[in-house]
file run-v5.cif (mmCIF, C-alpha atoms)
data_target
loop_
_atom_site.label_atom_id
_atom_site.label_comp_id
_atom_site.auth_asym_id
_atom_site.auth_seq_id
_atom_site.Cartn_x
_atom_site.Cartn_y
_atom_site.Cartn_z
CA MET A 1 -35.68 26.03 -16.86
CA ASN A 2 -37.49 29.11 -15.56
CA PHE A 3 -36.10 30.25 -12.20
CA SER A 4 -39.58 30.22 -10.69
CA GLN A 5 -39.93 26.53 -11.57
CA ARG A 6 -36.65 25.40 -9.98
CA GLN A 7 -36.85 23.25 -6.86
CA PRO A 8 -35.37 24.95 -3.79
CA GLU A 9 -31.94 23.59 -2.96
CA TRP A 10 -32.44 23.22 0.77
CA HIS A 11 -29.18 21.37 1.24
CA THR A 12 -27.22 24.49 0.23
CA ILE A 13 -28.23 26.46 3.32
CA PRO A 14 -25.02 27.18 5.28
CA SER A 15 -24.68 25.07 8.40
CA VAL A 16 -24.32 28.15 10.62
CA ALA A 17 -27.61 29.56 9.35
CA LEU A 18 -29.26 26.15 9.65
CA SER A 19 -28.16 25.83 13.26
CA HIS A 20 -29.74 29.20 14.06
CA ILE A 21 -32.98 28.07 12.43
CA PHE A 22 -32.97 24.82 14.40
CA ASP A 23 -32.50 26.77 17.62
CA TYR A 24 -35.92 28.37 17.13
CA LEU A 25 -37.72 25.04 16.63
CA ASN A 26 -39.23 22.88 19.35
CA PRO A 27 -37.86 19.32 19.68
CA GLN A 28 -40.65 17.71 17.64
CA ASP A 29 -40.35 20.18 14.74
CA ARG A 30 -36.58 19.86 14.87
CA ARG A 31 -36.83 16.09 14.44
CA SER A 32 -39.21 16.54 11.51
CA ALA A 33 -36.90 19.06 9.84
CA ALA A 34 -34.00 16.62 10.15
CA GLY A 35 -35.70 14.40 7.59
CA VAL A 36 -35.44 16.96 4.77
CA CYS A 37 -31.97 15.97 3.56
CA PHE A 38 -28.57 14.74 4.67
CA SER A 39 -27.16 18.16 5.55
CA TRP A 40 -30.17 19.02 7.70
CA ARG A 41 -29.94 15.65 9.43
CA HIS A 42 -26.22 16.26 10.04
CA ALA A 43 -27.01 19.63 11.63
CA PHE A 44 -29.58 17.97 13.87
CA PHE A 45 -27.16 15.59 15.58
CA GLN A 46 -25.55 18.06 17.98
CA LYS A 47 -25.15 17.61 21.71
CA ARG A 48 -27.08 20.74 22.58
CA TYR A 49 -30.22 19.20 21.06
CA PHE A 50 -29.83 15.97 23.04
CA ARG A 51 -29.41 17.10 26.63
CA ASN A 52 -30.68 14.42 29.04
CA PHE A 53 -31.59 12.29 26.03
CA ARG A 54 -32.66 8.68 26.63
CA PHE A 55 -32.03 6.15 23.87
CA GLN A 56 -33.52 2.65 23.88
CA LEU A 57 -31.53 0.14 21.90
CA ASP A 58 -32.63 -3.34 20.84
CA VAL A 59 -29.48 -5.43 20.38
CA GLY A 60 -31.39 -7.79 18.11
CA CYS A 61 -31.96 -5.00 15.56
CA ASP A 62 -28.76 -4.59 13.56
CA ASP A 63 -29.90 -1.34 11.91
CA GLN A 64 -30.63 0.22 15.28
CA LEU A 65 -27.32 -0.98 16.65
CA ALA A 66 -25.45 0.51 13.70
CA PHE A 67 -27.34 3.80 14.10
CA PHE A 68 -26.32 3.96 17.75
CA HIS A 69 -22.64 3.39 16.97
CA ARG A 70 -22.75 5.91 14.11
CA SER A 71 -24.87 8.74 15.50
CA MET A 72 -26.12 8.33 19.08
CA ALA A 73 -23.20 6.95 21.07
CA ASN A 74 -21.79 10.42 21.70
CA LEU A 75 -25.15 12.12 22.25
CA ALA A 76 -27.29 9.99 24.58
CA ARG A 77 -27.06 10.54 28.32
CA GLU A 78 -29.13 7.49 29.25
CA LEU A 79 -28.98 4.17 27.42
CA ILE A 80 -31.56 1.40 27.77
CA VAL A 81 -30.29 -1.86 26.28
CA VAL A 82 -32.86 -4.53 25.39
CA PHE A 83 -31.43 -7.98 24.74
CA ASP A 84 -32.09 -11.70 25.11
CA PHE A 85 -29.89 -13.15 27.84
CA GLN A 86 -30.34 -16.63 26.35
CA ASN A 87 -29.09 -15.57 22.91
CA ALA A 88 -25.35 -16.12 22.42
CA PHE A 89 -25.26 -13.66 19.51
CA HIS A 90 -26.81 -10.96 21.70
CA ILE A 91 -24.26 -11.61 24.44
CA GLN A 92 -21.36 -11.15 22.00
CA LYS A 93 -22.90 -7.94 20.68
CA MET A 94 -23.24 -6.70 24.25
CA ARG A 95 -19.49 -6.98 24.77
CA HIS A 96 -18.75 -4.75 21.79
CA LEU A 97 -21.53 -2.35 22.77
CA LEU A 98 -20.47 -1.97 26.40
CA TYR A 99 -16.84 -1.30 25.48
CA LYS A 100 -18.16 1.40 23.16
CA VAL A 101 -20.21 2.87 26.03
CA ALA A 102 -17.12 2.82 28.24
CA ARG A 103 -15.48 5.25 25.81
CA CYS A 104 -18.50 7.60 25.77
CA ASP A 105 -18.34 9.91 28.75
CA ASN A 106 -21.74 11.38 27.91
CA ILE A 107 -23.58 8.15 28.86
CA GLN A 108 -24.07 8.36 32.62
CA LYS A 109 -27.15 6.18 33.01
CA LEU A 110 -27.29 2.55 31.93
CA ARG A 111 -30.25 0.18 32.10
CA PHE A 112 -30.51 -3.43 30.99
CA GLN A 113 -33.78 -5.02 29.95
CA THR A 114 -34.32 -8.71 29.32
CA HIS A 115 -37.31 -11.02 29.60
CA ASN A 116 -35.85 -14.30 30.81
CA VAL A 117 -33.72 -15.55 33.67
CA GLY A 118 -31.17 -17.42 31.56
CA LEU A 119 -30.53 -21.04 30.70
CA VAL A 120 -28.94 -22.13 33.96
CA ALA A 121 -28.65 -20.95 37.56
CA ILE A 122 -25.58 -18.87 38.37
CA GLY A 123 -24.56 -21.42 41.01
CA ASN A 124 -24.52 -24.24 38.43
CA MET A 125 -22.70 -22.42 35.65
CA GLN A 126 -19.64 -23.99 34.12
CA SER A 127 -16.39 -22.04 34.27
CA GLU A 128 -16.60 -21.17 30.57
CA HIS A 129 -20.04 -19.62 31.06
CA LEU A 130 -18.82 -17.53 33.98
CA LEU A 131 -15.83 -16.46 31.92
CA ALA A 132 -18.12 -15.35 29.09
CA ILE A 133 -20.21 -13.26 31.49
CA GLU A 134 -17.11 -11.66 32.94
CA GLN A 135 -15.68 -10.87 29.50
CA CYS A 136 -18.92 -9.63 27.94
CA PHE A 137 -20.41 -7.79 30.91
CA VAL A 138 -18.32 -7.49 34.05
CA GLU A 139 -15.09 -6.22 32.49
CA PRO A 140 -16.64 -3.46 30.31
CA LEU A 141 -19.07 -2.49 33.09
CA THR A 142 -16.12 -2.10 35.43
CA LEU A 143 -14.55 0.33 32.95
CA ILE A 144 -17.79 2.31 32.74
CA LEU A 145 -18.16 2.52 36.50
CA SER A 146 -14.53 3.47 37.11
CA ARG A 147 -14.86 6.72 35.15
CA LYS A 148 -14.24 9.84 37.23
CA ARG A 149 -15.05 12.31 34.48
CA GLN A 150 -18.81 12.21 33.88
CA PRO A 151 -19.26 9.31 36.33
CA CYS A 152 -22.08 6.79 36.31
CA GLN A 153 -25.30 8.08 37.91
CA LEU A 154 -27.60 5.11 37.32
CA LEU A 155 -26.91 1.39 37.04
CA ASP A 156 -29.84 -0.95 36.48
CA LEU A 157 -28.70 -4.54 35.98
CA GLY A 158 -32.18 -5.52 34.80
CA ALA A 159 -32.80 -8.02 37.64
CA ILE A 160 -30.42 -10.44 35.88
CA GLU A 161 -29.18 -12.89 38.51
CA ALA A 162 -25.88 -13.59 36.77
CA LEU A 163 -25.01 -9.86 36.81
CA SER A 164 -26.36 -9.04 40.27
CA TYR A 165 -24.03 -11.72 41.58
CA TYR A 166 -21.15 -9.30 40.80
CA GLY A 167 -22.77 -6.40 42.69
CA HIS A 168 -19.87 -6.12 45.14
CA ASP A 169 -17.37 -5.89 42.28
CA PHE A 170 -19.37 -3.18 40.55
CA LEU A 171 -19.63 -1.08 43.70
CA ASN A 172 -15.95 -1.55 44.42
CA ALA A 173 -15.04 -0.40 40.89
CA MET A 174 -16.90 2.93 41.05
CA GLY A 175 -14.64 5.90 40.44
CA LYS A 176 -17.06 8.39 42.00
CA PRO A 177 -19.66 6.48 44.04
CA GLN A 178 -20.88 9.75 45.52
CA GLU A 179 -22.45 10.60 42.13
CA LEU A 180 -24.60 7.44 41.92
CA LEU A 181 -28.35 8.15 42.14
CA GLN A 182 -29.90 4.74 41.46
CA LEU A 183 -28.61 1.20 41.87
CA THR A 184 -30.58 -1.95 41.01
CA LEU A 185 -29.16 -5.16 42.46
CA ALA A 186 -32.38 -7.12 43.08
CA SER A 187 -32.78 -10.08 40.75
CA ILE A 188 -35.09 -12.82 39.55
CA LYS A 189 -33.71 -16.25 40.41
CA TYR A 190 -33.48 -19.15 38.00
CA ASP A 191 -34.10 -21.49 40.95
CA PRO A 192 -35.79 -19.53 43.78
CA SER A 193 -35.12 -22.30 46.30
CA HIS A 194 -31.40 -22.71 45.62
CA TYR A 195 -29.05 -19.88 44.65
CA PRO A 196 -25.81 -18.21 45.78
CA ILE A 197 -26.24 -15.18 48.02
CA LEU A 198 -24.55 -11.90 47.20
CA SER A 199 -22.08 -10.87 49.88
CA LEU A 200 -22.14 -7.09 49.96
CA ASP A 201 -19.82 -4.85 51.96
CA SER A 202 -22.16 -2.25 53.44
CA THR A 203 -19.38 0.35 53.60
CA LEU A 204 -19.36 0.42 49.78
CA LEU A 205 -22.99 1.55 49.84
CA GLN A 206 -22.10 4.15 52.44
CA LYS A 207 -19.87 5.86 49.88
CA CYS A 208 -22.87 6.37 47.56
CA ALA A 209 -23.72 9.63 49.29
CA ALA A 210 -26.33 10.75 46.73
CA LEU A 211 -28.13 7.40 46.30
CA GLN A 212 -31.90 7.85 46.12
CA VAL A 213 -33.23 4.55 44.70
CA LEU A 214 -31.91 1.12 45.70
CA SER A 215 -33.11 -2.41 45.05
CA LEU A 216 -31.71 -5.48 46.82
CA ASP A 217 -32.51 -9.13 47.34
CA TYR A 218 -33.77 -9.84 50.83
CA ASP A 219 -30.85 -12.22 51.45
CA THR A 220 -28.47 -9.26 51.17
CA LEU A 221 -30.15 -7.36 54.00
CA SER A 222 -28.75 -7.33 57.50
CA ASP A 223 -28.98 -5.17 60.60
CA GLU A 224 -25.61 -3.68 59.73
CA LEU A 225 -26.61 -2.82 56.17
CA LEU A 226 -29.87 -1.18 57.28
CA HIS A 227 -27.92 0.89 59.77
CA THR A 228 -25.28 1.85 57.20
CA ILE A 229 -27.66 3.09 54.50
CA GLN A 230 -29.33 5.48 56.93
CA VAL A 231 -26.68 8.03 55.93
CA LEU A 232 -28.06 7.99 52.36
CA PRO A 233 -30.84 10.25 51.02
CA LEU A 234 -32.97 7.25 49.99
CA ARG A 235 -36.49 7.88 48.77
CA LYS A 236 -37.20 4.32 47.54
CA LEU A 237 -36.03 0.87 48.60
CA LEU A 238 -37.19 -2.24 46.75
CA ILE A 239 -36.66 -5.63 48.40
CA ALA A 240 -37.08 -8.86 46.42
CA VAL A 241 -37.77 -12.04 48.39
CA HIS A 242 -37.11 -15.50 46.90
CA GLY A 243 -36.13 -18.30 49.28
CA LEU A 244 -35.56 -18.47 53.04
CA ASP A 245 -33.82 -21.79 53.44
CA SER A 246 -30.43 -20.41 54.44
CA LYS A 247 -29.56 -20.60 58.13
CA GLU A 248 -26.24 -18.80 57.75
CA TYR A 249 -27.79 -15.35 57.46
CA PRO A 250 -29.97 -14.19 60.37
CA ASP A 251 -33.24 -12.38 59.66
CA VAL A 252 -33.30 -8.62 60.03
CA SER A 253 -34.31 -7.65 63.55
CA GLU A 254 -37.25 -5.58 64.72
CA THR A 255 -34.86 -3.04 66.25
CA ALA A 256 -33.04 -2.49 62.94
CA TRP A 257 -36.31 -1.82 61.13
CA SER A 258 -37.47 0.46 63.92
CA ASN A 259 -34.34 2.63 63.60
CA PHE A 260 -34.67 2.56 59.81
CA SER A 261 -38.32 3.65 59.97
CA ASP A 262 -37.55 6.48 62.40
CA HIS A 263 -34.87 7.79 60.07
CA PHE A 264 -36.80 7.42 56.78
CA SER A 265 -40.22 8.73 57.68
CA SER A 266 -41.41 9.17 54.08
CA ILE A 267 -39.54 6.46 52.17
CA GLU A 268 -41.25 4.19 49.64
CA LEU A 269 -40.56 0.59 50.67
CA VAL A 270 -41.59 -1.98 48.06
CA LEU A 271 -41.67 -5.62 49.19
CA THR A 272 -41.81 -8.06 46.26
CA LEU A 273 -42.07 -11.83 46.56
CA VAL A 274 -41.11 -13.51 43.26
CA TYR A 275 -41.76 -17.25 42.84
CA ALA A 276 -41.28 -17.45 46.61
CA TYR A 277 -42.96 -20.83 47.03
CA GLU A 278 -41.49 -21.46 50.50
CA ALA A 279 -41.08 -17.89 51.72
CA ILE A 280 -44.76 -17.02 51.24
CA ALA A 281 -45.74 -19.50 53.97
CA LEU A 282 -43.24 -17.97 56.42
CA LEU A 283 -43.78 -14.37 55.40
CA GLN A 284 -45.16 -13.02 58.69
CA HIS A 285 -42.65 -15.05 60.73
CA ARG A 286 -39.37 -14.59 58.86
CA VAL A 287 -39.66 -11.44 56.74
CA LEU A 288 -42.30 -9.04 58.01
CA ARG A 289 -41.54 -6.83 60.99
CA ARG A 290 -43.92 -4.45 62.74
CA ASN A 291 -41.69 -1.45 62.13
CA MET A 292 -41.08 -1.99 58.42
CA PRO A 293 -42.49 1.14 56.70
CA ILE A 294 -43.91 -0.92 53.80
CA THR A 295 -45.80 1.12 51.21
CA HIS A 296 -46.20 -1.40 48.38
CA VAL A 297 -46.55 -5.20 48.42
CA ARG A 298 -46.18 -7.48 45.38
CA LEU A 299 -46.91 -11.21 45.73
CA LEU A 300 -46.06 -12.65 42.32
CA PHE A 301 -46.62 -16.31 41.36
CA CYS A 302 -45.99 -17.74 44.82
CA GLU A 303 -48.64 -20.48 44.34
CA LYS A 304 -50.19 -19.86 47.75
CA MET A 305 -52.51 -17.37 49.36
CA ASN A 306 -51.22 -16.62 52.88
CA ALA A 307 -54.30 -14.87 54.25
CA GLU A 308 -52.78 -14.67 57.74
CA ALA A 309 -49.82 -12.69 56.40
CA LEU A 310 -52.13 -10.28 54.57
CA ASP A 311 -54.18 -9.82 57.75
CA TRP A 312 -50.94 -9.24 59.68
CA MET A 313 -49.92 -6.55 57.20
CA SER A 314 -53.25 -4.77 57.44
CA LEU A 315 -52.82 -4.61 61.24
CA HIS A 316 -49.26 -3.29 61.29
CA TYR A 317 -48.95 -1.26 58.07
CA LYS A 318 -52.26 0.59 58.24
CA GLU A 319 -50.47 3.95 58.27
CA THR A 320 -48.12 3.27 55.36
CA LEU A 321 -49.55 0.67 52.94
CA ARG A 322 -50.62 2.21 49.63
CA SER A 323 -50.87 -0.71 47.20
CA ILE A 324 -51.15 -4.50 47.16
CA HIS A 325 -50.74 -6.80 44.14
CA TYR A 326 -51.56 -10.49 44.45
CA VAL A 327 -50.88 -12.20 41.12
CA ASP A 328 -50.96 -15.91 40.39
CA ALA A 329 -52.00 -18.16 37.52
CA PRO A 330 -55.77 -18.82 37.57
CA TYR A 331 -55.39 -22.37 36.26
CA LYS A 332 -53.49 -23.49 39.37
CA TYR A 333 -56.60 -23.37 41.52
CA SER A 334 -59.98 -24.77 40.62
CA ASN A 335 -63.08 -22.85 41.71
CA ARG A 336 -63.82 -25.54 44.26
CA MET A 337 -60.43 -25.12 45.90
CA ASN A 338 -60.81 -21.37 46.00
CA GLN A 339 -64.30 -21.59 47.45
CA THR A 340 -63.14 -23.96 50.18
CA ARG A 341 -60.27 -21.69 51.11
CA HIS A 342 -62.46 -18.61 50.85
CA ALA A 343 -65.14 -20.12 53.12
CA SER A 344 -62.57 -21.05 55.77
CA LEU A 345 -61.55 -17.41 56.30
CA ARG A 346 -63.43 -15.34 58.86
CA GLN A 347 -63.13 -12.31 56.60
CA ASP A 348 -61.59 -11.64 53.23
CA PRO A 349 -58.05 -10.27 53.84
CA PHE A 350 -58.46 -7.61 51.16
CA VAL A 351 -61.61 -6.30 52.86
CA MET A 352 -59.66 -6.04 56.11
CA MET A 353 -56.93 -4.11 54.30
CA ALA A 354 -59.50 -1.71 52.87
CA TRP A 355 -60.95 -1.21 56.35
CA ARG A 356 -57.70 -0.72 58.23
CA CYS A 357 -55.23 0.82 55.79
CA LYS A 358 -55.93 4.54 55.58
CA ARG A 359 -53.73 5.28 52.57
CA LEU A 360 -54.56 2.28 50.37
CA GLU A 361 -55.00 3.40 46.75
CA GLU A 362 -54.46 0.28 44.65
CA ILE A 363 -55.65 -3.34 44.90
CA VAL A 364 -54.82 -5.82 42.13
CA VAL A 365 -55.88 -9.45 42.57
CA HIS A 366 -55.49 -12.24 40.00
CA GLY A 367 -55.58 -15.96 40.77
CA TYR A 368 -57.76 -15.61 43.88
CA LEU A 369 -61.54 -15.97 43.91
CA MET A 370 -63.28 -12.79 45.13
CA ASP A 371 -66.83 -12.45 46.43
CA PRO A 372 -68.75 -9.62 44.67
CA HIS A 373 -70.17 -8.45 48.00
CA ASN A 374 -66.62 -8.02 49.28
CA LEU A 375 -65.70 -6.00 46.20
CA VAL A 376 -68.56 -3.61 46.92
CA GLY A 377 -67.43 -3.48 50.54
CA ILE A 378 -63.87 -2.59 49.50
CA ALA A 379 -65.21 0.18 47.25
CA ARG A 380 -67.41 1.57 50.03
CA LEU A 381 -64.60 1.53 52.58
CA LEU A 382 -62.08 3.35 50.37
CA GLY A 383 -64.31 5.36 48.04
CA ARG A 384 -62.62 7.55 45.48
CA GLN A 385 -59.34 7.24 47.33
CA LEU A 386 -59.07 3.85 45.60
CA LYS A 387 -57.51 4.70 42.23
CA ARG A 388 -57.27 1.14 40.94
CA LEU A 389 -59.32 -1.97 41.73
CA GLU A 390 -58.43 -4.79 39.36
CA VAL A 391 -59.74 -8.35 39.76
CA SER A 392 -60.42 -11.23 37.39
CA MET A 393 -61.84 -14.19 39.35
CA ILE A 394 -65.24 -13.61 40.99
CA ASP A 395 -67.58 -16.11 42.62
CA TRP A 396 -71.01 -15.28 41.17
CA SER A 397 -72.76 -18.29 42.72
CA GLY A 398 -74.42 -16.17 45.39
CA ALA A 399 -74.97 -13.10 43.20
CA PRO A 400 -75.87 -14.03 39.63
CA LEU A 401 -76.56 -10.49 38.46
CA LEU A 402 -73.32 -8.83 37.39
CA LYS A 403 -74.56 -5.42 36.25
CA PRO A 404 -75.78 -3.98 39.61
CA TYR A 405 -72.39 -4.66 41.22
CA ASP A 406 -70.50 -3.06 38.35
CA GLU A 407 -72.72 0.00 38.46
CA GLU A 408 -72.50 0.43 42.22
CA ILE A 409 -68.71 0.07 42.28
CA SER A 410 -68.39 2.49 39.33
CA THR A 411 -70.54 5.05 41.15
CA ILE A 412 -68.57 4.72 44.40
CA LEU A 413 -65.15 4.93 42.74
CA GLY A 414 -66.15 7.72 40.37
CA GLN A 415 -64.86 5.83 37.35
CA GLN A 416 -66.06 3.12 35.01
CA TRP A 417 -65.35 -0.27 36.57
CA GLN A 418 -65.74 -3.91 35.62
CA PRO A 419 -63.77 -7.08 36.34
CA ILE A 420 -61.25 -8.31 33.78
CA SER A 421 -62.59 -11.32 31.91
CA LEU A 422 -60.29 -14.35 31.80
CA ASP A 423 -60.08 -14.23 28.00
CA LYS A 424 -58.62 -10.72 28.26
CA MET A 425 -56.03 -11.58 30.87
CA PRO A 426 -52.35 -11.21 29.90
CA PRO A 427 -50.97 -14.51 28.54
CA SER A 428 -48.24 -14.28 31.17
CA LEU A 429 -50.78 -15.19 33.85
CA TYR A 430 -51.42 -18.58 32.34
CA TYR A 431 -49.07 -21.37 31.24
CA ASP A 432 -46.14 -19.67 29.55
CA ASN A 433 -43.20 -19.39 31.97
CA LYS A 434 -41.25 -17.09 29.63
CA LEU A 435 -44.12 -14.63 29.45
CA ARG A 436 -44.50 -14.89 33.21
CA ASP A 437 -40.87 -13.87 33.63
CA GLN A 438 -41.54 -10.94 31.33
CA PHE A 439 -44.49 -9.89 33.51
CA VAL A 440 -42.30 -9.97 36.63
CA TYR A 441 -39.50 -8.01 34.95
CA GLU A 442 -41.97 -5.36 33.83
CA MET A 443 -43.41 -5.11 37.35
CA LEU A 444 -39.96 -4.59 38.87
CA ARG A 445 -39.12 -1.94 36.29
CA GLN A 446 -42.42 -0.19 36.89
CA ASP A 447 -41.92 -0.06 40.65
CA LEU A 448 -38.44 1.38 40.23
CA SER A 449 -39.50 4.05 37.75
CA GLN A 450 -42.56 5.40 39.55
#

call {"tool": "encode", "arguments": {"input": "run-v5.cif", "output": "structure tokens"}}
result
Amino acid sequence: MNFSQRQPEWHTIPSVALSHIFDYLNPQDRRSAAGVCFSWRHAFFQKRYFRNFRFQLDVGCDDQLAFFHRSMANLARELIVVFDFQNAFHIQKMRHLLYKVARCDNIQKLRFQTHNVGLVAIGNMQSEHLLAIEQCFVEPLTLILSRKRQPCQLLDLGAIEALSYYGHDFLNAMGKPQELLQLTLASIKYDPSHYPILSLDSTLLQKCAALQVLSLDYDTLSDELLHTIQVLPLRKLLIAVHGLDSKEYPDVSETAWSNFSDHFSSIELVLTLVYAYEAIALLQHRVLRRNMPITHVRLLFCEKMNAEALDWMSLHYKETLRSIHYVDAPYKYSNRMNQTRHASLRQDPFVMMAWRCKRLEEIVVHGYLMDPHNLVGIARLLGRQLKRLEVSMIDWSGAPLLKPYDEEISTILGQQWQPISLDKMPPSLYYDNKLRDQFVYEMLRQDLSQ
């Protein structure tokens, strides 16, 4: 064969020379070059090319799992594990995976992602189920957290109730709690009206001297805990509310929230009610306090519109509130029921929020019938400060022409606007409970990541 016709033997380039070439490439070109041949791909998998690298792993994908064990386990700094908490095969794989992670000092950030709350409430689990959770999750997680060399900086338990229940054990196991930056202990309950409450020693949180993001269930809060975490450099606190039927734990006092607010003048405080069928009715009496520096409110599938609580919030959080999400399934309320409720109110609570709350930037309403005149009023009150106005159910009986309202709101907001039609709504907002859980999980993750 003529020399000029020979194919270049790229795989023969010395590894030292190849590494120098790779150093000149940007990350995207470096990934493309790694596909040339085995030797180039081998040169690509070096720690210096994977600083602060985040790897998302689906436990259900065997090829991806094998690739992680073979190539990425010693390179990734952050690991996101996606799995089905109802799948026994996934749970067994998690045990092997987490023990592998425990031996990889480079992985300092660990996030779990699932889309369901499990098959049974943690309080009703049989001893063999609890043993399986402890063997597959708690024991290897304890090893990961106990590391002192390259300690854990982020632990996101994925709002899984069965894991959050061991929050005290995880905090107690930390080898260097002062290195922890984010801790997610809030959860979604299998039965929001009956569940065991996490008992958390507030002094363990006090040791997390660098903690910036924290999520907790409302039942875990106390005056003492709020006082204790004031020593932390928190920039975000997410509180998840479920049930309020326990009389053993007193509600957090106005004084505790006042001291907390004085100390954290610029904190993001996200209040999320999840399937809180009973708590929503008592919201302004049992949960809300005048001095809570609430910035974001999420009312998710609570099956009730507490207009008085929304009006209360607009009065007392007018200096801090930046977003409100009211999400419920449209099928639960007929138009007649919504119209009756709507007519009984002196003023739409979302209009009052737009009028009073000076920093409000986002209003999302699904499952509640809105009047188009009120939507225009909201747009006029907030103008281009309102970055997102999302609604799906509108009462057109008094205003049959849709186009003029869309055009006026679009002009006021400075962006194209129209309501979301019911046929384009996410399936999670209808009948499927599993998809609804997925929607809630995604919302919690979004609020923690922003």

call {"tool": "resolve_selection", "arguments": {"input": "run-v5.cif", "expression": "the PyMOL selection byres ((chain A and resi 286) around 12)", "output": "list in words"}}
result
Tyr218, Asp219, Val241, Gly243, Leu244, Asp245, Ser246, Lys247, Tyr249, Pro250, Asp251, Val252, Ser253, Glu254, Glu278, Ala279, Ile280, Ala281, Leu282, Leu283, Gln284, His285, Val287, Leu288, Arg289, Arg290 and Ala309 of chain A

call {"tool": "residues_around", "arguments": {"input": "run-v5.cif", "residues": "stretch 408-414 of chain A", "least_positions_apart": "5", "cutoff": "6 Å", "atoms": "all atoms listed in the file", "output": "ChimeraX atom specification"}}
result
/A:376,383-384

call {"tool": "residues_around", "arguments": {"input": "run-v5.cif", "residues": "A:Leu57", "least_positions_apart": "2", "cutoff": "9 Å", "atoms": "only C-alpha atoms", "output": "list in words"}}
result
Phe55, Val59, Gly60, Cys61, Gln64, Leu65, Phe68, Leu79, Ile80, Val81, Val82 and Phe83 of chain A

call {"tool": "closest_residue", "arguments": {"input": "run-v5.cif", "among": "A:Leu131, A:Leu238, A:Leu154, A:Leu171", "to": "A:Ser187", "atoms": "all atoms listed in the file"}}
result
A:Leu238

call {"tool": "residues_around", "arguments": {"input": "run-v5.cif", "residues": "stretch 100-105 of chain A", "least_positions_apart": "5", "cutoff": "10 Å", "atoms": "all atoms listed in the file", "output": "list of chain:residue names"}}
result
A:His69, A:Ala73, A:Asn74, A:Leu75, A:Ala76, A:Arg77, A:Leu79, A:Met94, A:Arg95, A:Leu110, A:Pro140, A:Leu141, A:Thr142, A:Leu143, A:Ile144, A:Leu145, A:Ser146, A:Arg147, A:Lys148, A:Arg149, A:Gln150, A:Pro151, A:Cys152

call {"tool": "residues_around", "arguments": {"input": "run-v5.cif", "residues": "stretch 221-231 of chain A", "least_positions_apart": "3", "cutoff": "9 Å", "atoms": "only C-alpha atoms", "output": "PyMOL selection string"}}
result
chain A and resi 200-203+205-206+209+216-218+234+239+249-253+255-257+259-260+263-264

call {"tool": "atom_distance", "arguments": {"input": "run-v5.cif", "atom1": "atom CA of A:Met313", "atom2": "atom CA of A:Leu300"}}
result
16.5 Å

call {"tool": "closest_residue", "arguments": {"input": "run-v5.cif", "among": "A:Trp40, A:Tyr326, A:Phe89, A:Phe137", "to": "A:Leu299", "atoms": "all atoms listed in the file"}}
result
A:Tyr326

call {"tool": "closest_residue", "arguments": {"input": "run-v5.cif", "among": "A:Ala162, A:Ala66, A:Met174, A:Ile267", "to": "A:Ile197", "atoms": "all atoms listed in the file"}}
result
A:Ala162

call {"tool": "resolve_selection", "arguments": {"input": "run-v5.cif", "expression": "the PyMOL selection byres ((chain A and resi 447) around 12)", "output": "VMD selection string"}}
result
chain A and resid 184 213 to 215 236 to 240 268 to 272 295 to 298 323 325 440 to 446 448 to 450

call {"tool": "resolve_selection", "arguments": {"input": "run-v5.cif", "expression": "the PyMOL selection byres ((chain A and resi 319) around 8)", "output": "number ranges by chain"}}
result
A: 316-318, 320-321, 357-359

call {"tool": "atom_distance", "arguments": {"input": "run-v5.cif", "atom1": "atom CA of A:Ser199", "atom2": "atom CA of A:Tyr165"}}
result
8.6 Å

call {"tool": "closest_residue", "arguments": {"input": "run-v5.cif", "among": "A:Glu139, A:Asp29, A:Glu361, A:Asp348", "to": "A:Tyr99", "atoms": "only C-alpha atoms"}}
result
A:Glu139

call {"tool": "atom_distance", "arguments": {"input": "run-v5.cif", "atom1": "atom CA of A:Leu375", "atom2": "atom CA of A:Leu422"}}
result
17.5 Å

call {"tool": "closest_residue", "arguments": {"input": "run-v5.cif", "among": "A:Trp10, A:Arg70, A:Ala354, A:Gln113", "to": "A:Arg380", "atoms": "all atoms listed in the file"}}
result
A:Ala354

call {"tool": "residues_around", "arguments": {"input": "run-v5.cif", "residues": "stretch 389-396 of chain A", "least_positions_apart": "5", "cutoff": "7 Å", "atoms": "only C-alpha atoms", "output": "ChimeraX atom specification"}}
result
/A:362-372,419-422

call {"tool": "build_atoms", "arguments": {"input": "run-v5.cif", "residues": "stretch 27-31 of chain A", "atoms": "N, CA and C atoms", "output": "JSON list (two decimals), keeping the file's coordinate frame"}}
result
[["chain", "number", "residue", "atom", "x", "y", "z"],
["A", 27, "PRO", "N", -38.47, 20.63, 19.96],
["A", 27, "PRO", "CA", -37.86, 19.32, 19.68],
["A", 27, "PRO", "C", -38.59, 18.50, 18.61],
["A", 28, "GLN", "N", -39.91, 18.51, 18.62],
["A", 28, "GLN", "CA", -40.65, 17.71, 17.64],
["A", 28, "GLN", "C", -40.46, 18.25, 16.23],
["A", 29, "ASP", "N", -40.54, 19.57, 16.07],
["A", 29, "ASP", "CA", -40.35, 20.18, 14.74],
["A", 29, "ASP", "C", -38.91, 20.01, 14.28],
["A", 30, "ARG", "N", -37.97, 20.04, 15.22],
["A", 30, "ARG", "CA", -36.58, 19.86, 14.87],
["A", 30, "ARG", "C", -36.33, 18.45, 14.32],
["A", 31, "ARG", "N", -36.97, 17.46, 14.94],
["A", 31, "ARG", "CA", -36.83, 16.09, 14.44],
["A", 31, "ARG", "C", -37.44, 15.94, 13.05]]
